[in-house]
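Participant: Contents of work00.cif (mmCIF, C-alpha atoms and all ligand atoms) are given next:
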data_start
loop_
_atom_site.label_atom_id
_atom_site.label_comp_id
_atom_site.auth_asym_id
_atom_site.auth_seq_id
_atom_site.Cartn_x
_atom_site.Cartn_y
_atom_site.Cartn_z
CA MET A 1 -104.27 -106.77 8.03
CA ASN A 2 -101.19 -107.99 9.94
CA ILE A 3 -98.21 -107.91 7.59
CA PHE A 4 -94.82 -109.18 8.69
CA VAL A 5 -91.99 -107.89 6.49
CA VAL A 6 -88.76 -109.82 6.18
CA ASN A 7 -85.54 -108.48 4.66
CA SER A 8 -83.06 -111.37 4.75
CA GLY A 9 -79.41 -110.70 4.12
CA SER A 10 -76.61 -113.24 4.02
CA SER A 11 -75.89 -112.95 7.75
CA SER A 12 -78.71 -110.76 8.96
CA ILE A 13 -82.49 -110.52 9.01
CA LYS A 14 -84.36 -107.25 9.40
CA TYR A 15 -88.09 -107.46 10.12
CA GLN A 16 -91.09 -105.32 10.97
CA LEU A 17 -94.68 -106.08 11.84
CA PHE A 18 -97.39 -103.71 10.62
CA LYS A 19 -101.14 -103.63 11.06
CA LEU A 20 -102.13 -102.01 7.79
CA PRO A 21 -103.45 -99.49 6.92
CA SER A 22 -101.56 -97.88 9.84
CA PRO A 23 -98.01 -96.99 8.73
CA ASP A 24 -96.68 -97.29 12.29
CA PRO A 25 -94.88 -100.54 13.01
CA ILE A 26 -96.01 -102.67 15.95
CA CYS A 27 -92.53 -104.07 16.38
CA SER A 28 -89.29 -104.31 14.45
CA GLY A 29 -86.00 -106.04 14.79
CA LEU A 30 -82.60 -106.93 13.52
CA ILE A 31 -80.76 -110.23 13.84
CA GLU A 32 -77.04 -109.96 13.20
CA ARG A 33 -74.21 -112.49 12.94
CA ILE A 34 -76.40 -115.43 11.85
CA GLY A 35 -74.18 -118.50 11.54
CA LEU A 36 -71.52 -117.10 13.88
CA GLU A 37 -71.21 -117.40 17.65
CA ASN A 38 -73.03 -114.77 19.67
CA SER A 39 -75.71 -113.81 17.20
CA ILE A 40 -77.54 -110.70 18.39
CA ILE A 41 -81.27 -110.02 18.22
CA THR A 42 -82.43 -106.49 18.84
CA HIS A 43 -86.22 -106.49 19.05
CA LYS A 44 -88.20 -103.26 19.49
CA ILE A 45 -91.82 -103.03 20.52
CA PHE A 46 -93.69 -99.79 19.88
CA SER A 47 -96.75 -99.02 21.94
CA GLN A 48 -98.32 -95.57 22.18
CA ALA A 49 -95.51 -93.18 23.09
CA GLU A 50 -92.97 -95.60 24.44
CA GLU A 51 -90.52 -97.99 22.85
CA GLN A 52 -89.35 -101.18 24.55
CA VAL A 53 -86.06 -102.74 23.44
CA VAL A 54 -85.18 -106.38 24.04
CA LYS A 55 -81.64 -107.45 23.21
CA ARG A 56 -80.62 -111.12 23.25
CA THR A 57 -77.27 -112.69 22.48
CA LEU A 58 -77.43 -116.36 21.50
CA ASP A 59 -76.07 -118.78 18.93
CA LEU A 60 -78.24 -118.84 15.82
CA PRO A 61 -76.73 -121.32 13.36
CA ASP A 62 -78.99 -120.37 10.44
CA HIS A 63 -81.90 -118.27 9.21
CA GLU A 64 -84.40 -120.85 10.40
CA ALA A 65 -83.14 -120.57 13.99
CA GLY A 66 -83.22 -116.78 13.63
CA LEU A 67 -86.84 -116.61 12.46
CA GLN A 68 -87.91 -119.21 15.06
CA GLU A 69 -86.51 -116.90 17.72
CA VAL A 70 -88.44 -113.99 16.21
CA LYS A 71 -91.62 -116.10 16.34
CA GLU A 72 -90.97 -116.72 20.06
CA LEU A 73 -90.54 -112.99 20.65
CA LEU A 74 -93.68 -112.13 18.67
CA THR A 75 -95.78 -114.60 20.67
CA ASP A 76 -94.03 -114.31 24.06
CA PRO A 77 -96.62 -114.38 26.91
CA GLU A 78 -95.17 -111.21 28.44
CA ILE A 79 -93.79 -109.06 25.66
CA GLY A 80 -95.49 -110.68 22.66
CA VAL A 81 -97.59 -108.58 20.27
CA ILE A 82 -99.65 -111.50 18.92
CA GLN A 83 -100.83 -114.76 20.46
CA ASN A 84 -99.96 -117.17 17.69
CA PRO A 85 -98.32 -117.13 14.25
CA GLU A 86 -101.71 -117.60 12.54
CA GLU A 87 -102.48 -113.96 13.28
CA ILE A 88 -99.95 -112.97 10.61
CA GLN A 89 -101.97 -112.85 7.38
CA VAL A 90 -99.18 -111.84 5.04
CA VAL A 91 -95.40 -112.15 5.04
CA GLY A 92 -93.82 -109.63 2.67
CA HIS A 93 -90.31 -110.48 1.51
CA ARG A 94 -87.71 -108.17 0.04
CA VAL A 95 -86.29 -110.01 -2.97
CA VAL A 96 -83.40 -108.22 -4.61
CA HIS A 97 -83.39 -109.62 -8.17
CA GLY A 98 -86.61 -110.24 -10.06
CA GLY A 99 -85.12 -110.07 -13.56
CA GLU A 100 -87.55 -109.05 -16.28
CA SER A 101 -90.22 -111.41 -14.99
CA PHE A 102 -91.46 -109.17 -12.21
CA ALA A 103 -92.44 -105.56 -12.84
CA LYS A 104 -94.79 -105.83 -9.87
CA THR A 105 -95.16 -107.38 -6.46
CA ALA A 106 -96.04 -111.08 -6.69
CA ILE A 107 -97.75 -113.68 -4.54
CA ILE A 108 -95.17 -116.41 -4.04
CA ASN A 109 -95.88 -119.81 -5.57
CA LYS A 110 -93.64 -122.51 -6.97
CA ALA A 111 -93.11 -120.70 -10.27
CA VAL A 112 -92.10 -117.48 -8.50
CA LYS A 113 -89.69 -119.39 -6.27
CA ASP A 114 -88.16 -121.15 -9.28
CA GLU A 115 -87.60 -117.78 -10.96
CA ILE A 116 -85.99 -116.29 -7.83
CA ARG A 117 -83.71 -119.33 -7.66
CA LYS A 118 -82.79 -118.98 -11.33
CA LEU A 119 -81.54 -115.49 -10.57
CA PHE A 120 -79.10 -116.58 -7.82
CA PRO A 121 -76.02 -116.11 -10.02
CA LEU A 122 -77.05 -112.52 -10.82
CA ALA A 123 -77.36 -111.41 -7.20
CA PRO A 124 -75.15 -113.84 -5.30
CA LEU A 125 -75.00 -111.77 -2.11
CA HIS A 126 -78.76 -111.33 -1.94
CA ASN A 127 -81.12 -113.72 -3.75
CA PRO A 128 -80.00 -116.92 -1.96
CA ALA A 129 -80.60 -115.26 1.43
CA ASN A 130 -83.96 -113.85 0.29
CA PHE A 131 -84.97 -117.31 -0.92
CA LEU A 132 -83.99 -118.89 2.38
CA GLY A 133 -86.10 -116.29 4.20
CA ILE A 134 -89.11 -117.32 2.10
CA GLU A 135 -88.62 -121.03 2.75
CA VAL A 136 -88.27 -120.52 6.49
CA ALA A 137 -91.23 -118.12 6.70
CA GLU A 138 -93.39 -120.67 4.86
CA LYS A 139 -92.64 -123.19 7.61
CA ILE A 140 -93.26 -120.79 10.50
CA PHE A 141 -96.18 -118.71 9.23
CA THR A 142 -98.03 -121.57 7.60
CA GLN A 143 -101.36 -119.72 7.25
CA ALA A 144 -99.93 -116.56 5.74
CA ARG A 145 -99.78 -115.49 2.09
CA GLN A 146 -96.12 -115.08 1.17
CA VAL A 147 -95.48 -112.10 -1.11
CA ALA A 148 -92.30 -110.99 -2.90
CA VAL A 149 -91.44 -107.34 -3.45
CA PHE A 150 -88.54 -106.98 -5.87
CA ASP A 151 -85.78 -104.35 -5.78
CA THR A 152 -85.74 -104.49 -9.58
CA ALA A 153 -89.48 -103.89 -10.12
CA PHE A 154 -89.47 -100.09 -9.85
CA HIS A 155 -86.79 -99.84 -12.54
CA GLN A 156 -88.77 -101.83 -15.10
CA THR A 157 -90.05 -98.49 -16.45
CA MET A 158 -86.58 -97.57 -17.75
CA PRO A 159 -86.46 -97.04 -21.51
CA PRO A 160 -84.20 -99.24 -23.69
CA VAL A 161 -81.63 -96.41 -24.05
CA ALA A 162 -81.07 -96.70 -20.31
CA PHE A 163 -81.32 -100.47 -19.89
CA ARG A 164 -79.54 -101.87 -22.95
CA TYR A 165 -75.81 -102.63 -23.05
CA ALA A 166 -73.87 -102.27 -26.28
CA LEU A 167 -73.59 -106.02 -26.81
CA PRO A 168 -74.87 -108.07 -29.75
CA GLU A 169 -78.65 -108.04 -29.61
CA THR A 170 -79.09 -111.73 -28.78
CA PHE A 171 -77.25 -111.18 -25.50
CA TYR A 172 -80.32 -109.22 -24.48
CA THR A 173 -83.09 -111.03 -26.35
CA GLU A 174 -81.91 -114.57 -25.61
CA LEU A 175 -79.81 -114.20 -22.48
CA GLY A 176 -81.48 -111.32 -20.66
CA ILE A 177 -78.26 -109.36 -20.28
CA ARG A 178 -79.36 -105.77 -19.58
CA VAL A 179 -79.47 -103.19 -16.83
CA TYR A 180 -82.00 -104.19 -14.15
CA GLY A 181 -81.21 -101.79 -11.28
CA PHE A 182 -81.78 -102.33 -7.58
CA HIS A 183 -82.90 -100.66 -4.32
CA GLY A 184 -86.09 -99.89 -6.27
CA THR A 185 -88.30 -100.13 -3.19
CA SER A 186 -86.21 -97.46 -1.49
CA HIS A 187 -85.91 -95.21 -4.57
CA LYS A 188 -89.69 -95.44 -5.08
CA TYR A 189 -90.47 -94.70 -1.46
CA VAL A 190 -88.25 -91.62 -1.14
CA ALA A 191 -89.14 -90.29 -4.61
CA GLU A 192 -92.83 -90.43 -3.64
CA GLN A 193 -92.13 -88.66 -0.36
CA ALA A 194 -90.17 -85.99 -2.24
CA ALA A 195 -92.93 -85.53 -4.84
CA LYS A 196 -95.46 -85.02 -2.02
CA TYR A 197 -93.14 -82.52 -0.39
CA LEU A 198 -92.64 -80.64 -3.67
CA ASN A 199 -96.39 -80.77 -4.17
CA LYS A 200 -95.81 -81.12 -7.90
CA SER A 201 -97.15 -84.07 -9.86
CA GLU A 202 -94.74 -83.34 -12.74
CA ASN A 203 -91.30 -83.59 -11.25
CA LYS A 204 -87.66 -84.46 -11.82
CA ILE A 205 -85.95 -86.12 -8.90
CA ILE A 206 -82.57 -87.77 -8.35
CA THR A 207 -82.51 -90.23 -5.47
CA VAL A 208 -79.20 -91.25 -3.87
CA HIS A 209 -79.39 -94.42 -1.75
CA LEU A 210 -76.18 -94.78 0.26
CA GLY A 211 -76.27 -97.85 2.53
CA ASN A 212 -73.97 -100.85 2.40
CA GLY A 213 -74.99 -101.11 -1.22
CA CYS A 214 -75.23 -97.74 -2.98
CA SER A 215 -77.16 -96.63 -6.03
CA MET A 216 -78.75 -93.60 -7.66
CA ALA A 217 -81.87 -93.24 -9.75
CA ALA A 218 -83.26 -90.60 -12.08
CA VAL A 219 -87.01 -90.43 -11.48
CA ARG A 220 -89.40 -88.52 -13.73
CA ASN A 221 -93.02 -88.12 -12.57
CA GLY A 222 -92.69 -91.10 -10.26
CA GLN A 223 -91.08 -93.42 -12.83
CA SER A 224 -87.50 -94.63 -12.81
CA VAL A 225 -85.80 -93.60 -16.06
CA ASP A 226 -82.22 -94.55 -15.22
CA THR A 227 -80.22 -96.09 -12.40
CA SER A 228 -76.59 -96.77 -11.54
CA MET A 229 -76.63 -100.47 -10.69
CA GLY A 230 -76.84 -102.78 -13.68
CA PHE A 231 -77.16 -106.46 -14.50
CA GLY A 232 -76.32 -107.17 -10.86
CA PRO A 233 -75.89 -104.93 -7.81
CA LEU A 234 -72.20 -104.26 -8.49
CA SER A 235 -71.92 -101.36 -10.94
CA GLY A 236 -72.19 -97.63 -10.40
CA LEU A 237 -71.30 -96.02 -7.09
CA ILE A 238 -68.52 -97.06 -4.73
CA MET A 239 -70.06 -99.13 -1.92
CA GLY A 240 -69.10 -100.58 1.46
CA THR A 241 -67.40 -103.65 -0.03
CA ARG A 242 -68.27 -103.44 -3.76
CA SER A 243 -66.16 -101.65 -6.36
CA GLY A 244 -68.93 -100.01 -8.38
CA ASP A 245 -67.95 -99.08 -11.96
CA ILE A 246 -64.71 -100.61 -13.13
CA ASP A 247 -63.29 -101.21 -16.61
CA PRO A 248 -63.98 -104.89 -17.49
CA SER A 249 -60.38 -105.07 -18.80
CA VAL A 250 -59.33 -105.27 -15.16
CA VAL A 251 -61.17 -108.59 -14.92
CA PHE A 252 -59.32 -110.02 -17.93
CA HIS A 253 -56.03 -108.78 -16.54
CA LEU A 254 -56.71 -110.44 -13.19
CA ILE A 255 -57.65 -113.73 -14.84
CA ASN A 256 -55.21 -113.88 -17.73
CA GLN A 257 -52.13 -112.20 -16.29
CA LEU A 258 -52.44 -112.63 -12.54
CA GLY A 259 -53.96 -116.12 -12.37
CA TYR A 260 -57.21 -115.29 -10.57
CA ASP A 261 -60.08 -117.69 -11.11
CA PRO A 262 -63.52 -116.20 -11.82
CA GLU A 263 -64.79 -116.87 -8.31
CA GLN A 264 -61.83 -115.01 -6.82
CA VAL A 265 -62.57 -112.03 -9.06
CA ASN A 266 -66.21 -112.19 -7.98
CA MET A 267 -65.20 -112.20 -4.31
CA LEU A 268 -62.71 -109.39 -4.87
CA LEU A 269 -65.18 -107.05 -6.57
CA ASN A 270 -68.17 -107.87 -4.33
CA LYS A 271 -66.65 -108.38 -0.92
CA ARG A 272 -63.12 -106.97 -0.73
CA SER A 273 -63.36 -103.75 -2.72
CA GLY A 274 -65.22 -100.47 -2.32
CA MET A 275 -64.51 -98.55 0.87
CA LEU A 276 -63.25 -101.74 2.55
CA GLY A 277 -60.64 -102.27 -0.13
CA LEU A 278 -59.57 -98.64 -0.13
CA THR A 279 -59.43 -98.11 3.64
CA GLY A 280 -59.74 -101.40 5.53
CA HIS A 281 -63.19 -100.32 6.78
CA SER A 282 -66.60 -100.72 5.18
CA ASP A 283 -68.52 -98.67 7.74
CA MET A 284 -68.49 -94.95 7.03
CA ARG A 285 -68.36 -94.15 10.74
CA ASP A 286 -65.01 -95.98 11.03
CA ILE A 287 -63.75 -94.20 7.93
CA SER A 288 -64.66 -90.80 9.38
CA LYS A 289 -62.76 -91.70 12.56
CA ALA A 290 -59.73 -92.72 10.51
CA ILE A 291 -59.85 -89.43 8.59
CA ALA A 292 -60.04 -87.49 11.87
CA ALA A 293 -56.95 -89.42 13.01
CA GLY A 294 -55.05 -88.24 9.91
CA ASP A 295 -55.40 -91.33 7.67
CA GLU A 296 -54.76 -90.02 4.14
CA GLN A 297 -55.94 -93.18 2.39
CA ALA A 298 -59.27 -92.87 4.18
CA ALA A 299 -59.52 -89.20 3.14
CA LEU A 300 -58.85 -90.11 -0.50
CA ALA A 301 -61.44 -92.91 -0.40
CA TYR A 302 -64.02 -90.52 1.01
CA ASP A 303 -63.33 -88.10 -1.86
CA LEU A 304 -63.56 -90.91 -4.42
CA TYR A 305 -66.92 -91.98 -2.98
CA ALA A 306 -68.34 -88.45 -3.29
CA TYR A 307 -66.76 -87.85 -6.71
CA ARG A 308 -68.47 -90.91 -8.19
CA ILE A 309 -71.84 -89.67 -6.92
CA ARG A 310 -71.16 -86.25 -8.47
CA LYS A 311 -70.51 -87.84 -11.87
CA TYR A 312 -73.85 -89.63 -11.81
CA LEU A 313 -75.55 -86.48 -10.58
CA GLY A 314 -74.36 -84.58 -13.65
CA ALA A 315 -75.42 -87.44 -15.90
CA TYR A 316 -78.90 -87.73 -14.41
CA ALA A 317 -79.54 -83.98 -14.42
CA THR A 318 -78.91 -84.24 -18.17
CA VAL A 319 -81.11 -87.32 -18.56
CA LEU A 320 -83.93 -85.46 -16.80
CA ASN A 321 -83.21 -82.12 -18.53
CA GLY A 322 -83.30 -80.37 -15.17
CA LEU A 323 -83.89 -81.13 -11.55
CA ASP A 324 -86.48 -80.32 -8.88
CA ALA A 325 -85.04 -82.30 -6.00
CA LEU A 326 -81.96 -84.24 -4.98
CA VAL A 327 -82.71 -86.78 -2.25
CA PHE A 328 -80.21 -88.45 0.09
CA THR A 329 -81.27 -91.63 1.86
CA ALA A 330 -80.14 -94.84 3.68
CA GLY A 331 -77.47 -95.20 6.40
CA VAL A 332 -74.79 -92.95 4.91
CA GLY A 333 -77.11 -90.63 2.99
CA GLU A 334 -79.25 -89.93 6.04
CA ASN A 335 -76.46 -89.57 8.58
CA ASP A 336 -73.25 -88.41 6.96
CA ALA A 337 -73.43 -84.61 6.58
CA LYS A 338 -69.86 -84.41 5.25
CA ILE A 339 -70.58 -86.72 2.30
CA ARG A 340 -73.63 -84.62 1.42
CA GLU A 341 -71.47 -81.52 1.60
CA LEU A 342 -68.78 -82.98 -0.69
CA VAL A 343 -71.41 -84.14 -3.21
CA CYS A 344 -73.17 -80.77 -3.32
CA ARG A 345 -70.02 -78.62 -3.42
CA ASP A 346 -69.71 -76.38 -6.52
CA MET A 347 -73.05 -77.44 -7.95
CA ASP A 348 -74.60 -73.98 -8.08
CA TYR A 349 -74.64 -74.18 -11.88
CA LEU A 350 -77.24 -76.94 -11.43
CA GLY A 351 -79.19 -74.95 -8.85
CA ILE A 352 -77.89 -76.99 -5.91
CA ILE A 353 -76.75 -74.81 -2.98
CA LEU A 354 -76.47 -76.45 0.41
CA ASP A 355 -77.26 -74.69 3.68
CA GLN A 356 -74.37 -75.77 5.92
CA GLU A 357 -76.30 -75.39 9.14
CA LYS A 358 -79.40 -77.26 7.97
CA ASN A 359 -77.13 -79.97 6.58
CA GLN A 360 -75.80 -80.59 10.11
CA SER A 361 -79.28 -81.12 11.60
CA PRO A 362 -79.52 -84.60 13.14
CA ALA A 363 -83.33 -84.76 12.69
CA LYS A 364 -84.60 -88.20 11.77
CA SER A 365 -87.49 -87.15 9.52
CA LEU A 366 -87.73 -85.55 6.06
CA ARG A 367 -85.77 -82.31 6.01
CA GLU A 368 -84.76 -79.68 3.47
CA ILE A 369 -81.06 -78.75 3.58
CA ASN A 370 -80.68 -76.32 0.66
CA GLN A 371 -80.43 -72.56 0.94
CA ALA A 372 -83.79 -70.86 0.57
CA GLN A 373 -82.94 -69.21 -2.77
CA ALA A 374 -81.65 -72.44 -4.40
CA ARG A 375 -83.55 -73.68 -7.45
CA VAL A 376 -83.22 -77.35 -6.45
CA LYS A 377 -84.47 -78.77 -3.15
CA VAL A 378 -81.89 -80.94 -1.45
CA LEU A 379 -83.74 -83.32 0.85
CA VAL A 380 -82.73 -85.92 3.41
CA ILE A 381 -85.48 -88.53 3.56
CA PRO A 382 -85.22 -91.60 5.79
CA THR A 383 -85.98 -94.61 3.65
CA ASN A 384 -88.48 -97.20 4.85
CA GLU A 385 -88.27 -100.22 2.59
CA GLU A 386 -90.24 -102.30 5.09
CA LEU A 387 -93.22 -99.94 5.12
CA GLU A 388 -93.16 -99.70 1.33
CA ILE A 389 -93.14 -103.52 1.13
CA ALA A 390 -96.03 -103.77 3.61
CA GLN A 391 -98.04 -101.20 1.66
CA GLN A 392 -97.44 -102.98 -1.62
CA CYS A 393 -98.57 -106.28 -0.07
CA HIS A 394 -101.66 -104.55 1.29
CA ALA A 395 -102.44 -102.98 -2.09
CA LEU A 396 -102.09 -106.34 -3.79
CA LEU A 397 -104.21 -108.32 -1.34
CA ALA A 398 -106.75 -105.81 -0.10
CA GLY A 399 -107.10 -103.73 -3.26
CA ALA A 400 -106.06 -100.69 -1.22
CA ALA A 401 -104.64 -97.65 -2.96
CA VAL A 402 -101.04 -96.80 -2.10
N1 LIG B 501 -74.12 -91.96 11.82
C1 LIG B 501 -73.61 -92.46 10.69
N2 LIG B 501 -72.67 -91.76 9.99
C2 LIG B 501 -72.17 -92.24 8.84
N3 LIG B 501 -72.52 -93.41 8.31
C3 LIG B 501 -73.44 -94.13 8.95
C4 LIG B 501 -74.04 -93.70 10.17
N4 LIG B 501 -74.93 -94.64 10.56
C5 LIG B 501 -74.88 -95.63 9.63
N5 LIG B 501 -73.99 -95.33 8.67
C6 LIG B 501 -73.62 -96.11 7.49
O1 LIG B 501 -74.75 -96.76 6.98
C7 LIG B 501 -74.37 -98.08 6.54
C8 LIG B 501 -75.57 -98.99 6.62
O2 LIG B 501 -76.64 -98.41 5.94
P1 LIG B 501 -78.02 -99.18 5.74
O3 LIG B 501 -78.89 -98.31 4.92
O4 LIG B 501 -78.52 -99.62 7.06
O5 LIG B 501 -77.47 -100.37 4.88
P2 LIG B 501 -78.03 -101.79 4.53
O6 LIG B 501 -79.54 -101.68 4.54
O7 LIG B 501 -77.49 -101.99 3.16
O8 LIG B 501 -77.50 -102.72 5.56
C9 LIG B 501 -73.25 -98.47 7.48
O9 LIG B 501 -72.36 -99.34 6.86
C10 LIG B 501 -72.57 -97.16 7.78
O10 LIG B 501 -71.52 -96.99 6.86
C1 LIG B 502 -79.19 -104.51 -3.82
C2 LIG B 502 -78.30 -104.13 -2.70
O1 LIG B 502 -77.19 -103.73 -2.93
O2 LIG B 502 -78.82 -104.22 -1.47
P1 LIG B 502 -78.07 -103.89 -0.09
O3 LIG B 502 -77.72 -102.44 -0.11
O4 LIG B 502 -79.10 -104.22 0.96
O5 LIG B 502 -76.85 -104.75 -0.04
MG MG B 503 -80.57 -101.49 2.77
#
So that I can check it, write out the structure of this file as structure tokens.

Facilitator:
Amino acid sequence: MNIFVVNSGSSSIKYQLFKLPSPDPICSGLIERIGLENSIITHKIFSQAEEQVVKRTLDLPDHEAGLQEVKELLTDPEIGVIQNPEEIQVVGHRVVHGGESFAKTAIINKAVKDEIRKLFPLAPLHNPANFLGIEVAEKIFTQARQVAVFDTAFHQTMPPVAFRYALPETFYTELGIRVYGFHGTSHKYVAEQAAKYLNKSENKIITVHLGNGCSMAAVRNGQSVDTSMGFGPLSGLIMGTRSGDIDPSVVFHLINQLGYDPEQVNMLLNKRSGMLGLTGHSDMRDISKAIAAGDEQAALAYDLYAYRIRKYLGAYATVLNGLDALVFTAGVGENDAKIRELVCRDMDYLGIILDQEKNQSPAKSLREINQAQARVKVLVIPTNEELEIAQQCHALLAGAAV
């Protein structure tokens, strides 16, 4: 079954084509700077041992132009991997917010689209772009089943003690105000990899997803029991441009005393805060360079970022009443050894003892970075949200076990 996976962001589209049940992608790509001049498409084709990379710079005014270009690349007479778009049987879409309506992957129809649209205000950076990706894919891959895989779905197993806020009950029952949690596809994927590695069906795992957005999850026996993002993808850890946890009094102060309007507060907390607000950079590689050049603000921000993770680590070890494995994943989690070191420092009371040398290993596959005698495995596991999405689509449509 040919499954094309689309992860649309506000200015980017990531995609991969799989022929399930094989987990190896046929091709993958990233389109950056959609809507700006000089959009960049990086398209990779994997065949046997070799990898071919095609890079094109062109003006792509919108997502439709971006996906049209991908269609051309997929069906190109020379480098194409299929002959026509009808060969794609399924398009799997990452959709960030599914509210309480979707505990599982869903075939997209009008009702599903209406629900995704209703959730725009709760995930303003994500759901509108995801929706656009669906609409464009429907036009291009007209024969394919369109399927939505929700970031929130994995966290629907959380108990009420983890998902309820201390607000009057009707705010939950009538207005749906509760913790939803995000990055579920990634937390699920790496927690399953870790459980296989531990070779223990009963297990307690904390997963730490550190990308542009950052979140943690406490996972017991494969089920999410708590997570750091909440009603929207803004609470919890410090992120590239998002503040993470902040006292809501700050919002009232900004509005009532400093004259901000609600949209300005929204922009501030979502787009101008986090590491960007603290240092002027949202990319951890730039922050590391600034620290090396003696920038004290950058050094403080880096410490703040790790400190927040440590607080959640303590909380989740308590929630789980112990810990078998701590998993780092996504761009920062997989690549930034120093962050992992700061997070794991002085955690021997929890059974976490890092092996400095193993922590420095640049390997790109699952690796164990704790000292041999440590009670808790510390693992770096590359996430693969696209493969997880493809496998969930396959399970839904072919009845395959995942
Ligand atoms: N070698 C690296 N060292 C430190 N951070 C890195 C490295 N490579 C990528 N990153 C970080 O990963 C982030 C992107 O992570 P990713 O998981 O791809 O995020 P997203 O899927 O949210 O776009 C970048 O902003 C950057 O901070
Ligand atoms: C939900 C979320 O924060 O996603 P991302 O990390 O892709 O921005
Ligand atoms: Mg991501």

Participant: So how far away is atom CA of A:Thr241 from atom CA of A:Arg272, in Å?

Facilitator: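 Pair atom CA of A:Arg272 / atom CA of A:Thr241 returns 5.5 Å.
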
Participant: Determine, using all atoms listed in the file, which residues of chain A have any atom at most 9 Å from an atom of ligand LIG 501 (chain B), and tabulate each with its shortest atom pair and distance in Å to one decimal place, rows ordered by chain and then rising number, as a Markdown table.

Facilitator:
| residue | atom | partner | partner_atom | distance |
| --- | --- | --- | --- | --- |
| A:Gly9 | CA | B:LIG501 | O8 | 8.3 |
| A:Ser12 | CA | B:LIG501 | O8 | 8.8 |
| A:Lys14 | CA | B:LIG501 | O6 | 8.8 |
| A:His209 | CA | B:LIG501 | O3 | 7.7 |
| A:Leu210 | CA | B:LIG501 | O3 | 6.4 |
| A:Gly211 | CA | B:LIG501 | O2 | 3.5 |
| A:Asn212 | CA | B:LIG501 | O7 | 3.8 |
| A:Gly213 | CA | B:LIG501 | O7 | 5.1 |
| A:Cys214 | CA | B:LIG501 | O7 | 7.8 |
| A:Gly240 | CA | B:LIG501 | O9 | 6.4 |
| A:His281 | CA | B:LIG501 | O10 | 9.0 |
| A:Ser282 | CA | B:LIG501 | O9 | 6.2 |
| A:Asp283 | CA | B:LIG501 | O10 | 3.5 |
| A:Met284 | CA | B:LIG501 | O10 | 3.7 |
| A:Arg285 | CA | B:LIG501 | C2 | 4.7 |
| A:Asp286 | CA | B:LIG501 | O10 | 7.8 |
| A:Ile287 | CA | B:LIG501 | O10 | 8.3 |
| A:Ser288 | CA | B:LIG501 | C2 | 7.7 |
| A:Thr329 | CA | B:LIG501 | O3 | 7.7 |
| A:Ala330 | CA | B:LIG501 | O3 | 3.9 |
| A:Gly331 | CA | B:LIG501 | O1 | 3.2 |
| A:Val332 | CA | B:LIG501 | N3 | 4.1 |
| A:Gly333 | CA | B:LIG501 | N3 | 7.6 |
| A:Glu334 | CA | B:LIG501 | C4 | 7.6 |
| A:Asn335 | CA | B:LIG501 | C1 | 4.6 |
| A:Asp336 | CA | B:LIG501 | C2 | 4.4 |
| A:Ala337 | CA | B:LIG501 | N2 | 8.0 |
| A:Lys338 | CA | B:LIG501 | C2 | 8.9 |
| A:Ile339 | CA | B:LIG501 | C2 | 8.7 |
| A:Thr383 | CA | B:LIG501 | O3 | 8.1 |

Participant: Taking only C-alpha atoms and all ligand atoms and a cut-off of 10 Å, can you tell me which residues surround ligand LIG 502 (chain B), written as a VMD selection string?

Facilitator: chain A and resid 7 to 10 94 to 97 123 125 to 127 150 to 152 181 to 184 186 209 to 215 229 232 to 235 239 to 242 330 to 331

Participant: Quick one: residues within 12 Å of A:Gln392, all atoms listed in the file counted, chain neighbours fewer than 6 positions away excluded, as an MDAnalysis selection string?

Facilitator: chainID A and resid 3 5 20:21 23 90:94 104:107 147:150 153:154 185 188:189 385:386 398:402

Participant: Between A:Val225, A:Val136, A:Leu397, A:Val378, which residue has the minimum interatomic distance to A:Val6, considering all atoms listed in the file?

Facilitator: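 Once distances to A:Val6 are computed over all atoms listed in the file, the minimum belongs to A:Val136.
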
Participant: Which residues come within 12 Å of stretch 171-174 of chain A, counting all atoms listed in the file, excluding same-chain residues fewer than 4 positions away, as a list in words?

Facilitator: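 These residues fall inside the cut-off: Gly99, Glu100, Pro160, Phe163, Arg164, Tyr165, Ala166, Leu167, Arg178, Val179, Tyr180 and Phe231 of chain A.
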
Participant: Just the residues within 12 Å of A:Glu51, please, counting all atoms listed in the file, with nothing from its chain fewer than 5 positions along; format it as a list in words.

Facilitator: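 Returned residues: Pro25, Ile26, Cys27, Ser28, His43, Lys44, Ile45, Phe46 and Ile79 of chain A.
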
Participant: Find the residues near stretch 346-349 of chain A: any atom within 10 Å, counting only C-alpha atoms, skip ones fewer than 4 places away on the same chain, and give them as a PyMOL selection string.

Facilitator: chain A and resi 310+313-314+341-342+353-354+374-376

Participant: For ligand MG 503 (chain B), which of A:Ala129, A:Gln223, A:Asn384, A:Ile246 is the closest residue, counting only C-alpha atoms and all ligand atoms?

Facilitator: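 Going through A:Ala129, A:Gln223, A:Asn384, A:Ile246 one by one, the smallest distance to ligand MG 503 (chain B) is for A:Asn384.
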
Participant: Considering only C-alpha atoms and all ligand atoms, can you say which of A:Ile13, A:Ile88, A:Leu237, A:Leu268 comes closest to ligand MG 503 (chain B)?

Facilitator: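 Looking only at the distances to ligand MG 503 (chain B), the closest residue turns out to be A:Ile13.
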
Participant: Quick one: of A:Arg117, A:Arg145, A:Lys271, A:His187, who's nearest to A:His394, counting only C-alpha atoms?

Facilitator: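 Closest to A:His394 of all the choices is A:Arg145.
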
Participant: In Å, with one decimal, what is the gap from atom CA of A:Lys55 to atom CA of A:Gly80?

Facilitator: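 Taking atom CA of A:Lys55 and atom CA of A:Gly80, their separation equals 14.2 Å.
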